[in-house]
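J.: Quick one: structure below, then a few questions.
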Amino acid sequence: MKYAVLAATRRALSCAAAVLLQASLAHGAIRHAPGIEIVEPDAQLSDIFAAIDRDQLDEALKLTDHLIAQQPNFRLAYLIRGDLLLAHTAALTNIGSVSGGPPERLQELREEAVLRLRAYRDRPAANMVPRYLLELPPDQKTAVVIDTRRSRLYVYQNVNGRPRFLADYYITQGKLGADKAKEGDQRTPIGVYHVTGVLPKSELPDFYGAGALPINYPNEWDRLNGRTGHGIWLHGTPSDTYARAPKASDGCVVLSNRDLRALFHSIQIGVTPVIISEDIEWLKFDDWNAERASLQHAIEAWRSDWESRDVALYLSHYSKRFASDSEALKQWSERKRQVNAAKEWIKIDVRNISMLRYPGNDDMVVVTFEQNYRSNNMSNTVKKTQYWAREGKAWKILYEGVA
């Protein structure tokens with residue numbers, strides 16, 4: 001007796017239950033509290049479905065009861081338990097096929113089950129990193145990358161500038177999917193964002209669960225492209241709900257309260273990037289190094305040409321499509337010529353560089369850094385944001401502003 005909905009994954013589950021358990025250990029799925037061994041819900045679901053696939057229904061029921069004991073509001077686990085209890089009188093052909101229930105809700109739970117198992121089975125290999133994390137500055141401890149197609153949030157740790165997998169969690173996105181364009185469209189934005197604050201549980205209705213992490217949607221690129229809306233958060237679930245359906249929010253990213261509390265420990269306000277993509281592309285470290293070296297060279301050439309006071313050479317790094325918050329390329333260029341005419345020398349120091357490739361636009365990278373500017377008549381230090389895009393074989397600056 002097998003769930004037909006798992007046809008795409010059950011072969012891997014039935015022939016590799018032991019491999020999945022080893023993977024849960026390798027990826028930190030099994031964590032230890034004092035005297036208690038707690039297995040992540042997705043690891044437990046994997047074991048439950050593997051037992052079902054082997055027709056070991058009593059073992060599957062035992063595992064399900066253990067999961068419910070740990071996560072008493074996990075509706076998917078209760079649905080599976082109901083099916084297992086009635087499986088002696090009716091064959092299991094689909095999740096909820098025996099238990100019954102509203103068709104829309106059952107379909108949501110089926111989708112959640114498949115997404116959880118696929119993401120758990122397909123966790124990235126240790127030698128693979130998301131293509132977006134090209135360079136992480138020393139003061140940035142972690143980065144968050146969200147894959148809306150997989151309903152998954154990944155946390156990467158910064159280890160000497162190299163991202164290393166730390167944890168991953170199931171998430172809910174907007175009711176109408178991703179790629180937010182306007183206020184009220186019930187979509188989750190795609191782009192590079194940062195956490196701007198922490199809203200504690202005590203200041204929010206129960207709907208938001210353990211709290212919320214607002215992000216800076218709309219960012220500079222969103223505004224330049226006319227995207228509207230506000231109030232996009234990463235937040236938890238109501239106290240009576242363990243997890244929501246894969247597509248159930250008005251645009252926010254929703255985690256279980258358990259997972260959100262774990263995420264709180266990884267977040268630095270104003271520092272941690274949140275990159276939301278429709279489908280993550282993974283790179284081996286050799287390819288990752290090659291991609292970042294190309295842009296590093298372009299940034300250094302821009303810095304050096306600025307120091308040279310050769311305005312034409314300096315401006316050659318800016319795209320014809322360039323815009324700042326208040327100027328297009330023509331106005332920007334005229335102002336730079338006037339400023340540089342009064343300079344006898346310029347020294348530029350760029351440090352704490354972050355380079356994050358922009359989802360949905362493979363040839364664009366968001367670069368932030370601390371800039372120490374010194375000249376014969378002025379000195380200042382600012383944090384700057386630039387959007388670089390590849391035009392032909394060259395990298396050009398599309399946007400520049402104070403971060």
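Each chain in the structure tokens gets a letter, A, B, ..., in the order shown, and its residues are numbered from 1; ligands are numbered from 1 in order too.
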Got a sec to tell me which of range 127-211 of chain A DSSP assigns to helix (DSSP H, G or I), as number ranges by chain?
T.: A: 201-203, 206-208
J.: Just the strand (DSSP E) stuff from range 47-270 of chain A, please, per backbone DSSP, written as a ChimeraX atom specification.
T.: /A:128-130,133-135,142-147,152-159,162-170,173-174,191-194,199-200,211-214,233-235,247-249,253-254
J.: Quick one: distance from CA of Ala60 in chain A to CA of Pro238 in chain A in Å, one decimal?
T.: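 Taking CA of Ala60 in chain A and CA of Pro238 in chain A, their separation equals 28.0 Å.
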J.: Pick from A:Asp363, A:Arg351, A:Glu108, A:Asn73: nearest to Val382 in chain A, with only C-alpha atoms counted?
T.: A:Arg351
J.: Find the residues near range 123-134 of chain A: any atom within 6 Å, counting only C-alpha atoms, skip ones fewer than 6 places away on the same chain, and give them as a list in words.
T.: Glu281, Trp282, Leu283, Lys284, Arg292, Met355, Leu356 and Arg357 of chain A
J.: Pull N, CA and C atoms from the residues just selected and write them as a CSV table (one decimal), in the first residue's frame.
T.:
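Writing the result to part34.csv gives the following:
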chain,number,residue,atom,x,y,z
A,281,GLU,N,20.2,28.3,-8.4
A,281,GLU,CA,21.2,27.6,-9.1
A,281,GLU,C,22.4,27.4,-8.2
A,282,TRP,N,23.0,26.1,-8.2
A,282,TRP,CA,24.1,25.8,-7.3
A,282,TRP,C,25.4,25.7,-8.1
A,283,LEU,N,26.5,26.1,-7.5
A,283,LEU,CA,27.8,26.1,-8.2
A,283,LEU,C,28.8,25.3,-7.4
A,284,LYS,N,29.7,24.7,-8.1
A,284,LYS,CA,30.9,24.1,-7.4
A,284,LYS,C,31.8,25.3,-7.0
A,292,ARG,N,33.3,35.1,-9.2
A,292,ARG,CA,33.6,36.3,-8.3
A,292,ARG,C,34.9,37.0,-8.7
A,355,MET,N,29.1,40.9,-2.5
A,355,MET,CA,28.7,40.7,-3.9
A,355,MET,C,27.6,39.6,-3.9
A,356,LEU,N,26.4,40.0,-4.3
A,356,LEU,CA,25.2,39.1,-4.3
A,356,LEU,C,24.6,39.2,-5.6
A,357,ARG,N,24.6,38.1,-6.4
A,357,ARG,CA,24.0,38.0,-7.7
A,357,ARG,C,22.5,38.2,-7.5
J.: Using only C-alpha atoms, determine which residues lie at most 9 Å from Gly209 in chain A, disregarding the query and same-chain residues fewer than 3 positions distant; provide the list as a PyMOL selection string.
T.: chain A and resi 201+204-206+212+235-239+241+256-257
J.: Between CA of Tyr314 in chain A and CA of Tyr387 in chain A, what is the distance in Å, rounded to a tenth?
T.: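 Going from CA of Tyr314 in chain A over to CA of Tyr387 in chain A, I get 16.1 Å.
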